[in-house]
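Student: So I've got this file, structure.cif, and it contains mmCIF, C-alpha atoms and all ligand atoms:
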data_structure
#
loop_
_atom_site.label_atom_id
_atom_site.label_comp_id
_atom_site.auth_asym_id
_atom_site.auth_seq_id
_atom_site.Cartn_x
_atom_site.Cartn_y
_atom_site.Cartn_z
CA MET A 1 11.96 162.89 81.65
CA LYS A 2 15.41 163.43 80.17
CA ILE A 3 14.18 166.51 78.35
CA LEU A 4 12.75 167.86 81.60
CA ARG A 5 16.07 167.37 83.34
CA ILE A 6 17.93 169.20 80.56
CA LEU A 7 15.39 172.01 80.75
CA LEU A 8 15.85 172.22 84.53
CA LEU A 9 19.60 172.32 84.13
CA THR A 10 19.33 175.06 81.56
CA VAL A 11 17.13 177.08 83.88
CA ALA A 12 19.54 176.52 86.79
CA THR A 13 22.53 177.56 84.67
CA SER A 14 20.89 180.71 83.42
CA THR A 15 19.81 181.59 86.98
CA LEU A 16 23.41 181.16 88.08
CA LEU A 17 24.67 183.35 85.25
CA ILE A 18 22.14 186.03 86.13
CA SER A 19 23.07 185.92 89.81
CA CYS A 20 26.77 186.11 88.97
CA SER A 21 26.26 189.19 86.86
CA ASP A 22 23.89 190.74 89.37
CA ASN A 23 24.28 194.46 89.56
CA SER A 24 23.85 195.72 93.16
CA ASN A 25 21.65 198.53 91.85
CA ASP A 26 19.08 196.06 90.63
CA PRO A 27 16.15 195.44 92.91
CA VAL A 28 16.50 192.14 94.78
CA ARG A 29 13.56 190.20 96.07
CA ALA A 30 14.26 189.42 99.72
CA ASP A 31 12.27 186.21 99.62
CA ALA A 32 13.83 184.91 96.41
CA PRO A 33 14.30 181.19 96.95
CA SER A 34 17.87 179.94 96.39
CA ASP A 35 19.06 176.36 96.07
CA PRO A 36 20.92 174.70 98.93
CA GLU A 37 24.65 174.71 98.31
CA LEU A 38 27.28 172.61 100.00
CA ALA A 39 30.34 174.40 101.33
CA VAL A 40 33.29 172.39 102.69
CA GLU A 41 35.91 174.20 104.75
CA VAL A 42 38.98 172.18 103.74
CA ASP A 43 40.16 170.12 100.79
CA GLU A 44 42.98 168.39 102.62
CA LEU A 45 43.70 166.91 106.07
CA ASP A 46 47.15 165.73 107.13
CA PHE A 47 47.24 163.61 110.29
CA GLY A 48 51.04 163.22 110.23
CA THR A 49 52.49 160.62 112.56
CA GLU A 50 50.76 161.58 115.81
CA GLN A 51 47.28 163.04 115.35
CA ASP A 52 44.25 160.76 115.79
CA THR A 53 41.42 163.25 115.32
CA MET A 54 40.96 166.43 113.31
CA SER A 55 37.87 168.45 112.49
CA PHE A 56 36.45 170.66 109.80
CA ARG A 57 33.15 172.38 109.06
CA ILE A 58 30.59 171.95 106.36
CA GLY A 59 27.79 174.36 105.64
CA ASN A 60 24.82 175.17 103.48
CA SER A 61 25.59 178.51 101.88
CA GLY A 62 22.30 178.49 99.98
CA GLY A 63 18.68 178.26 101.00
CA GLY A 64 16.49 175.34 101.87
CA ASP A 65 17.45 171.99 103.35
CA LEU A 66 20.58 170.17 102.29
CA GLU A 67 21.10 166.55 103.17
CA TRP A 68 24.65 165.33 103.18
CA GLU A 69 26.67 162.17 103.65
CA ILE A 70 30.41 161.63 104.09
CA THR A 71 32.00 158.36 103.04
CA SER A 72 35.53 156.99 102.93
CA PRO A 73 36.93 154.07 100.95
CA ASP A 74 39.11 153.00 103.88
CA GLU A 75 38.31 151.31 107.18
CA TRP A 76 40.91 153.36 109.07
CA LEU A 77 39.25 156.68 108.23
CA ARG A 78 35.96 157.61 109.91
CA CYS A 79 33.75 160.70 110.32
CA LEU A 80 31.35 161.65 113.06
CA PRO A 81 28.64 162.45 112.20
CA ALA A 82 28.75 160.82 108.78
CA HIS A 83 25.44 162.19 107.53
CA GLY A 84 22.86 164.80 108.43
CA LEU A 85 20.76 167.74 107.38
CA LEU A 86 21.82 171.36 107.04
CA ARG A 87 19.14 174.02 107.18
CA ASP A 88 19.72 177.12 105.06
CA GLU A 89 22.86 179.05 105.89
CA SER A 90 23.83 176.73 108.73
CA ILE A 91 27.16 175.09 109.48
CA ARG A 92 28.28 172.18 111.58
CA GLY A 93 31.54 170.60 112.71
CA ILE A 94 32.64 167.18 111.57
CA SER A 95 35.13 165.12 113.57
CA VAL A 96 37.46 162.91 111.56
CA SER A 97 39.40 160.10 113.18
CA VAL A 98 42.06 157.67 111.99
CA GLU A 99 42.85 154.25 113.45
CA ARG A 100 46.52 153.28 113.03
CA GLU A 101 46.32 150.02 114.96
CA ASP A 102 46.71 146.93 112.75
CA LEU A 103 48.26 149.01 109.95
CA ASP A 104 51.80 148.41 108.71
CA ALA A 105 54.32 151.24 108.94
CA GLY A 106 54.25 153.59 105.97
CA SER A 107 52.53 156.53 104.29
CA TYR A 108 48.79 156.37 103.74
CA GLU A 109 46.60 158.46 101.46
CA SER A 110 42.83 158.38 101.21
CA TYR A 111 39.89 160.73 100.83
CA LEU A 112 36.51 161.71 102.22
CA LYS A 113 33.68 162.15 99.78
CA VAL A 114 31.03 164.66 100.86
CA THR A 115 27.85 163.97 98.90
CA PRO A 116 25.08 166.58 99.06
CA SER A 117 21.44 165.97 98.12
CA VAL A 118 21.78 168.92 95.75
CA GLY A 119 24.89 169.75 93.77
CA GLU A 120 28.25 168.17 93.20
CA GLU A 121 30.09 165.99 95.69
CA GLN A 122 33.31 167.37 97.13
CA TYR A 123 36.48 165.57 98.11
CA ILE A 124 38.91 165.99 100.99
CA GLN A 125 42.32 164.40 100.53
CA VAL A 126 43.60 162.70 103.69
CA TYR A 127 47.22 161.90 104.53
CA MET A 128 48.53 159.85 107.42
CA GLU A 129 51.81 158.27 108.50
CA VAL A 130 52.22 155.10 110.54
CA GLU A 131 55.56 154.84 112.30
CA GLU A 132 57.27 151.57 112.94
CA VAL A 133 56.93 150.54 116.58
CA LEU A 134 60.10 148.88 117.78
CA GLU A 135 59.90 146.42 120.64
CA PRO A 136 62.92 145.51 122.80
CA VAL A 137 64.69 142.37 121.57
CA VAL A 138 66.29 139.86 123.93
CA LEU A 139 69.59 138.90 122.29
CA ILE A 140 71.09 136.69 124.99
CA ALA A 141 69.54 134.88 127.96
CA TRP A 142 71.89 132.60 129.84
CA ALA A 143 70.81 131.07 133.14
CA GLY A 144 72.97 129.38 135.80
CA GLN A 145 76.24 129.52 133.85
CA ASP A 146 79.35 128.21 135.56
CA LEU A 147 82.69 129.71 134.52
CA ASP A 148 85.97 128.39 135.97
CA GLU A 149 89.03 130.59 136.39
CA ASP A 150 90.99 131.07 133.11
CA TYR A 151 87.89 130.44 131.02
CA TYR A 152 85.60 132.74 129.14
CA MET A 153 82.23 132.36 127.49
CA SER A 154 81.24 134.00 124.19
CA SER A 155 77.94 134.31 122.42
CA ASP A 156 77.65 133.65 118.70
CA VAL A 157 77.96 136.73 116.53
CA PHE A 158 74.69 138.67 116.57
CA ILE A 159 73.52 141.63 114.50
CA LEU A 160 71.55 144.59 115.83
CA PRO A 161 68.26 144.79 113.91
CA PHE A 162 67.77 148.51 114.67
CA ASP A 163 69.52 151.52 116.25
CA GLY A 164 69.51 151.09 120.00
CA TYR A 165 71.39 150.55 123.21
CA LEU A 166 72.08 147.27 124.93
CA GLN A 167 70.98 146.66 128.47
CA ILE A 168 73.01 144.03 130.28
CA GLU A 169 71.36 142.49 133.34
CA TYR A 170 73.96 140.45 135.12
CA ARG A 171 73.30 138.44 138.27
CA LEU A 172 76.49 137.15 139.82
CA ILE A 173 75.16 134.30 141.96
CA SER A 174 78.42 133.00 143.40
CA TRP A 175 81.80 134.69 143.31
CA PRO A 176 84.82 134.84 145.73
CA GLN A 177 85.24 138.60 145.06
CA ASP A 178 89.04 138.43 144.86
CA TYR A 179 89.04 140.23 141.49
CA GLY A 180 86.54 141.14 138.79
CA VAL A 181 84.65 139.18 136.18
CA GLU A 182 84.54 141.13 132.90
CA LEU A 183 81.58 141.66 130.61
CA MET A 184 82.39 142.81 127.07
CA LEU A 185 80.84 143.60 123.71
CA MET A 186 83.22 143.48 120.75
CA SER A 187 83.39 142.97 117.02
CA GLN A 188 84.34 139.63 115.46
CA SER A 189 87.74 140.97 114.37
CA GLN A 190 88.52 142.21 117.90
CA TYR A 191 87.30 138.87 119.23
CA ASN A 192 89.95 137.17 117.08
CA TYR A 193 92.63 139.30 118.78
CA TYR A 194 91.09 138.62 122.21
CA GLN A 195 91.03 134.85 121.60
CA ASN A 196 94.72 134.92 120.68
CA GLY A 197 95.62 136.82 123.83
CA GLU A 198 96.52 139.91 121.77
CA SER A 199 95.53 143.48 122.56
CA PHE A 200 91.99 144.32 121.48
CA SER A 201 89.34 146.98 121.91
CA ALA A 202 85.70 146.57 122.92
CA TYR A 203 82.53 148.50 122.13
CA TRP A 204 81.71 148.26 125.81
CA HIS A 205 83.11 146.57 128.91
CA GLU A 206 82.41 146.44 132.61
CA THR A 207 84.13 144.78 135.54
CA VAL A 208 81.91 143.10 138.15
CA VAL A 209 83.40 142.33 141.54
CA SER A 210 80.45 141.81 143.86
CA GLU A 211 77.75 139.16 143.93
CA GLY A 212 74.23 140.34 143.27
CA PHE A 213 72.18 141.91 140.52
CA HIS A 214 73.87 144.48 138.24
CA THR A 215 72.30 146.41 135.37
CA TYR A 216 74.36 148.26 132.75
CA GLN A 217 73.59 150.14 129.58
CA SER A 218 75.83 150.52 126.56
CA SER A 219 76.08 153.73 124.57
CA PRO A 220 73.77 153.97 121.50
CA MET A 221 74.78 151.61 118.72
CA PRO A 222 73.84 151.61 115.03
CA ALA A 223 71.63 149.05 113.30
CA ASN A 224 73.39 146.19 111.50
CA ARG A 225 76.44 146.31 113.74
CA SER A 226 77.58 142.74 114.43
CA MET A 227 79.24 141.74 117.70
CA ARG A 228 79.80 139.16 120.37
CA PHE A 229 79.02 139.29 124.07
CA ILE A 230 81.72 137.83 126.32
CA VAL A 231 81.98 136.94 130.00
CA ASP A 232 85.66 136.82 130.86
CA ASN A 233 87.33 135.07 133.79
CA THR A 234 90.84 135.08 132.27
CA ASP A 235 93.95 137.26 132.38
CA TRP A 236 92.84 138.91 129.15
CA GLY A 237 91.05 142.21 129.11
CA TRP A 238 91.35 144.88 131.77
CA GLU A 239 91.29 142.57 134.79
CA ASP A 240 93.68 139.75 135.71
CA THR A 241 92.86 136.61 137.66
CA ASP A 242 94.72 136.00 140.91
CA PHE A 243 97.35 133.34 141.45
CA ASP A 244 96.14 131.85 144.72
CA PHE A 245 96.01 128.26 143.37
CA VAL A 246 92.27 128.27 143.99
CA ASN A 247 89.77 128.01 141.15
CA ASP A 248 87.76 131.25 141.36
CA ARG A 249 84.52 130.17 139.74
CA ALA A 250 81.80 132.54 138.64
CA VAL A 251 78.18 131.40 138.64
CA TYR A 252 75.82 133.82 136.94
CA ASP A 253 72.70 134.58 134.91
CA VAL A 254 72.79 137.20 132.18
CA VAL A 255 70.21 138.78 129.88
CA VAL A 256 71.23 141.18 127.11
CA THR A 257 68.39 143.17 125.57
CA LEU A 258 68.42 145.67 122.71
CA TYR A 259 66.20 148.70 123.36
CA PRO A 260 65.20 151.16 120.63
CA ILE A 261 66.36 154.75 121.08
CA GLU A 262 63.29 156.85 121.99
CA CA A 301 90.05 139.43 132.44
CA CA A 302 92.29 131.97 141.70
#
Give the structure from this file in structure tokens form.
Tutor:
Amino acid sequence: MKILRILLLTVATSTLLISCSDNSNDPVRADAPSDPELAVEVDELDFGTEQDTMSFRIGNSGGGDLEWEITSPDEWLRCLPAHGLLRDESIRGISVSVEREDLDAGSYESYLKVTPSVGEEQYIQVYMEVEEVLEPVVLIAWAGQDLDEDYYMSSDVFILPFDGYLQIEYRLISWPQDYGVELMLMSQSQYNYYQNGESFSAYWHETVVSEGFHTYQSSPMPANRSMRFIVDNTDWGWEDTDFDFVNDRAVYDVVVTLYPIE
């Protein structure tokens, strides 16, 4: 059997050599049978970060029937159809899809193996990127806080886990509206100045005078920046208290959320 196979191979090779050196002046038999031969349009597919489906064509550039099958070593890479039959000199489109869900962020590389019933298998290299999906992060959620005049409230120091902007949703439930309550974001070092009644700067600040629901957004801020969030009802900052001998008390809810920059 082995000898037969070697003989067949030898015959096939010599046929190929003859056909390669064919002179166009030689008579050609129109009905000469040729072997089926797999042709694959591409040797690489790059899905990048966005694309979910791509397509390519396979064909039988020889004669006779050619069965084929396409396999992938990875679950996230699929072909439709994945197998079939190509009549002589026919082509067909193959749709390739990738599934990024459940995959960690990063670069992925795989391949498709196209196996014909006759001839060598062919490979298509496949590249794909999975981007990190950032979800908003709630950094502060204070409900029903009660802040007397000449007092302030500070969060602990927090660190931004990614580039983003802060959205401050502030509901001032009860307030005499004689002056403004201040909302501020500042670094720890500026907080030290603030605490000591010295001049300081803030990454962001807003003065709220009226009761009700207020939403603010900070400018974009870099990842790893550390800061504190402060609600101020003191003479510090940009707004003074009044001196009416009445305790102007602020009652409020506040939620501070970090949103990724789109
Ligand atoms: Ca103030
Ligand atoms: Ca007062």
Student: Which value, in Å to one decimal, gives the distance between CA of Asp74 in chain A and CA of Gln125 in chain A?
Tutor: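 Those two atoms sit 12.3 Å apart.
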Student: 10 Å from ligand CA 301 (chain A) is the threshold here; counting all atoms listed in the file, which polymer residues fall inside it? Answer as JSON, numbers by chain.
Tutor: {"A": [149, 150, 151, 152, 179, 180, 181, 182, 183, 184, 207, 231, 232, 233, 234, 235, 236, 237, 238, 239, 240, 241]}
Student: Using all atoms listed in the file, which residue out of A:Gly59, A:Pro222, A:Gly164, A:Pro176 lies closest to ligand CA 302 (chain A)?
Tutor: A:Pro176
Student: Please identify every residue of chain A that has at least one atom no farther than 7 Å from an atom of ligand CA 302 (chain A), counting all atoms listed in the file, and for each give the shortest atom pair and the distance in Å to one decimal, arranged by chain then increasing number, as CSV.
Tutor:
residue,atom,partner,partner_atom,distance
A:Glu149,CA,A:CA302,CA,6.4
A:Thr241,CA,A:CA302,CA,6.2
A:Asp242,CA,A:CA302,CA,4.8
A:Phe243,CA,A:CA302,CA,5.2
A:Asp244,CA,A:CA302,CA,4.9
A:Phe245,CA,A:CA302,CA,5.5
A:Val246,CA,A:CA302,CA,4.4
A:Asn247,CA,A:CA302,CA,4.7
A:Asp248,CA,A:CA302,CA,4.6
Student: Point out the residue among A:Glu75, A:Asp146, A:Asp178, A:Asp156 with the least atom-to-atom distance to Glu99 in chain A, counting all atoms listed in the file.
Tutor: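 Smallest separation from Glu99 in chain A among the options: A:Glu75.
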Student: Please work out which residues fall within 12 Å of (15.6, 174.0, 103.4), coordinates as given in the file, with all atoms listed in the file counting, and return them as a count of residues only.
Tutor: 21
Student: Please return range 174-209 of chain A, rebuilt to N, CA and C atoms, as a PDB file, keeping the file's coordinate frame.
Tutor:
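And here's selection.pdb as it stands now:
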ATOM      1  N   SER A 174      77.369 133.471 142.491  1.00  0.00           N
ATOM      2  CA  SER A 174      78.420 133.000 143.400  1.00  0.00           C
ATOM      3  C   SER A 174      79.764 133.472 142.870  1.00  0.00           C
ATOM      4  N   TRP A 175      80.530 134.122 143.750  1.00  0.00           N
ATOM      5  CA  TRP A 175      81.800 134.690 143.310  1.00  0.00           C
ATOM      6  C   TRP A 175      82.666 135.006 144.545  1.00  0.00           C
ATOM      7  N   PRO A 176      83.976 134.614 144.542  1.00  0.00           N
ATOM      8  CA  PRO A 176      84.820 134.840 145.730  1.00  0.00           C
ATOM      9  C   PRO A 176      85.197 136.308 145.954  1.00  0.00           C
ATOM     10  N   GLN A 177      85.007 137.148 144.957  1.00  0.00           N
ATOM     11  CA  GLN A 177      85.240 138.600 145.060  1.00  0.00           C
ATOM     12  C   GLN A 177      86.705 138.963 145.256  1.00  0.00           C
ATOM     13  N   ASP A 178      87.616 138.114 144.770  1.00  0.00           N
ATOM     14  CA  ASP A 178      89.040 138.430 144.860  1.00  0.00           C
ATOM     15  C   ASP A 178      89.475 139.379 143.742  1.00  0.00           C
ATOM     16  N   TYR A 179      88.779 139.340 142.647  1.00  0.00           N
ATOM     17  CA  TYR A 179      89.040 140.230 141.490  1.00  0.00           C
ATOM     18  C   TYR A 179      87.735 140.339 140.706  1.00  0.00           C
ATOM     19  N   GLY A 180      87.786 140.883 139.513  1.00  0.00           N
ATOM     20  CA  GLY A 180      86.540 141.140 138.790  1.00  0.00           C
ATOM     21  C   GLY A 180      86.321 140.228 137.590  1.00  0.00           C
ATOM     22  N   VAL A 181      85.067 139.836 137.416  1.00  0.00           N
ATOM     23  CA  VAL A 181      84.650 139.180 136.180  1.00  0.00           C
ATOM     24  C   VAL A 181      84.382 140.287 135.171  1.00  0.00           C
ATOM     25  N   GLU A 182      84.744 140.076 133.894  1.00  0.00           N
ATOM     26  CA  GLU A 182      84.540 141.130 132.900  1.00  0.00           C
ATOM     27  C   GLU A 182      83.418 140.780 131.931  1.00  0.00           C
ATOM     28  N   LEU A 183      82.632 141.776 131.630  1.00  0.00           N
ATOM     29  CA  LEU A 183      81.580 141.660 130.610  1.00  0.00           C
ATOM     30  C   LEU A 183      81.990 142.547 129.448  1.00  0.00           C
ATOM     31  N   MET A 184      81.893 142.026 128.215  1.00  0.00           N
ATOM     32  CA  MET A 184      82.390 142.810 127.070  1.00  0.00           C
ATOM     33  C   MET A 184      81.513 142.608 125.839  1.00  0.00           C
ATOM     34  N   LEU A 185      81.447 143.663 125.041  1.00  0.00           N
ATOM     35  CA  LEU A 185      80.840 143.600 123.710  1.00  0.00           C
ATOM     36  C   LEU A 185      81.921 143.991 122.722  1.00  0.00           C
ATOM     37  N   MET A 186      82.160 143.145 121.724  1.00  0.00           N
ATOM     38  CA  MET A 186      83.220 143.480 120.750  1.00  0.00           C
ATOM     39  C   MET A 186      82.902 142.898 119.384  1.00  0.00           C
ATOM     40  N   SER A 187      83.591 143.433 118.397  1.00  0.00           N
ATOM     41  CA  SER A 187      83.390 142.970 117.020  1.00  0.00           C
ATOM     42  C   SER A 187      84.062 141.613 116.831  1.00  0.00           C
ATOM     43  N   GLN A 188      83.729 140.922 115.751  1.00  0.00           N
ATOM     44  CA  GLN A 188      84.340 139.630 115.460  1.00  0.00           C
ATOM     45  C   GLN A 188      85.845 139.765 115.275  1.00  0.00           C
ATOM     46  N   SER A 189      86.293 140.822 114.606  1.00  0.00           N
ATOM     47  CA  SER A 189      87.740 140.970 114.370  1.00  0.00           C
ATOM     48  C   SER A 189      88.482 141.199 115.678  1.00  0.00           C
ATOM     49  N   GLN A 190      87.885 141.997 116.594  1.00  0.00           N
ATOM     50  CA  GLN A 190      88.520 142.210 117.900  1.00  0.00           C
ATOM     51  C   GLN A 190      88.474 140.930 118.728  1.00  0.00           C
ATOM     52  N   TYR A 191      87.418 140.163 118.527  1.00  0.00           N
ATOM     53  CA  TYR A 191      87.300 138.870 119.230  1.00  0.00           C
ATOM     54  C   TYR A 191      88.438 137.948 118.823  1.00  0.00           C
ATOM     55  N   ASN A 192      88.826 137.988 117.550  1.00  0.00           N
ATOM     56  CA  ASN A 192      89.950 137.170 117.080  1.00  0.00           C
ATOM     57  C   ASN A 192      91.231 137.537 117.825  1.00  0.00           C
ATOM     58  N   TYR A 193      91.456 138.864 118.009  1.00  0.00           N
ATOM     59  CA  TYR A 193      92.630 139.300 118.780  1.00  0.00           C
ATOM     60  C   TYR A 193      92.516 138.824 120.230  1.00  0.00           C
ATOM     61  N   TYR A 194      91.334 139.005 120.794  1.00  0.00           N
ATOM     62  CA  TYR A 194      91.090 138.620 122.210  1.00  0.00           C
ATOM     63  C   TYR A 194      91.396 137.136 122.419  1.00  0.00           C
ATOM     64  N   GLN A 195      90.852 136.305 121.516  1.00  0.00           N
ATOM     65  CA  GLN A 195      91.030 134.850 121.600  1.00  0.00           C
ATOM     66  C   GLN A 195      92.495 134.440 121.560  1.00  0.00           C
ATOM     67  N   ASN A 196      93.289 135.234 120.811  1.00  0.00           N
ATOM     68  CA  ASN A 196      94.720 134.920 120.680  1.00  0.00           C
ATOM     69  C   ASN A 196      95.558 135.568 121.761  1.00  0.00           C
ATOM     70  N   GLY A 197      94.891 136.188 122.737  1.00  0.00           N
ATOM     71  CA  GLY A 197      95.620 136.820 123.830  1.00  0.00           C
ATOM     72  C   GLY A 197      96.316 138.107 123.405  1.00  0.00           C
ATOM     73  N   GLU A 198      95.916 138.663 122.254  1.00  0.00           N
ATOM     74  CA  GLU A 198      96.520 139.910 121.770  1.00  0.00           C
ATOM     75  C   GLU A 198      95.701 141.105 122.279  1.00  0.00           C
ATOM     76  N   SER A 199      96.281 142.303 122.094  1.00  0.00           N
ATOM     77  CA  SER A 199      95.530 143.480 122.560  1.00  0.00           C
ATOM     78  C   SER A 199      94.324 143.693 121.640  1.00  0.00           C
ATOM     79  N   PHE A 200      93.257 144.168 122.223  1.00  0.00           N
ATOM     80  CA  PHE A 200      91.990 144.320 121.480  1.00  0.00           C
ATOM     81  C   PHE A 200      91.240 145.512 122.065  1.00  0.00           C
ATOM     82  N   SER A 201      90.220 145.936 121.367  1.00  0.00           N
ATOM     83  CA  SER A 201      89.340 146.980 121.910  1.00  0.00           C
ATOM     84  C   SER A 201      87.917 146.427 121.943  1.00  0.00           C
ATOM     85  N   ALA A 202      87.092 147.038 122.772  1.00  0.00           N
ATOM     86  CA  ALA A 202      85.700 146.570 122.920  1.00  0.00           C
ATOM     87  C   ALA A 202      84.746 147.746 122.711  1.00  0.00           C
ATOM     88  N   TYR A 203      83.567 147.451 122.216  1.00  0.00           N
ATOM     89  CA  TYR A 203      82.530 148.500 122.130  1.00  0.00           C
ATOM     90  C   TYR A 203      82.125 148.940 123.533  1.00  0.00           C
ATOM     91  N   TRP A 204      82.156 147.988 124.433  1.00  0.00           N
ATOM     92  CA  TRP A 204      81.710 148.260 125.810  1.00  0.00           C
ATOM     93  C   TRP A 204      82.309 147.194 126.728  1.00  0.00           C
ATOM     94  N   HIS A 205      82.704 147.593 127.925  1.00  0.00           N
ATOM     95  CA  HIS A 205      83.110 146.570 128.910  1.00  0.00           C
ATOM     96  C   HIS A 205      82.864 147.065 130.320  1.00  0.00           C
ATOM     97  N   GLU A 206      82.704 146.122 131.210  1.00  0.00           N
ATOM     98  CA  GLU A 206      82.410 146.440 132.610  1.00  0.00           C
ATOM     99  C   GLU A 206      83.048 145.351 133.469  1.00  0.00           C
ATOM    100  N   THR A 207      83.544 145.758 134.617  1.00  0.00           N
ATOM    101  CA  THR A 207      84.130 144.780 135.540  1.00  0.00           C
ATOM    102  C   THR A 207      83.184 144.610 136.734  1.00  0.00           C
ATOM    103  N   VAL A 208      82.852 143.367 137.049  1.00  0.00           N
ATOM    104  CA  VAL A 208      81.910 143.100 138.150  1.00  0.00           C
ATOM    105  C   VAL A 208      82.668 142.356 139.243  1.00  0.00           C
ATOM    106  N   VAL A 209      82.642 142.930 140.443  1.00  0.00           N
ATOM    107  CA  VAL A 209      83.400 142.330 141.540  1.00  0.00           C
ATOM    108  C   VAL A 209      82.465 141.663 142.560  1.00  0.00           C
TER     109      VAL A 209
END
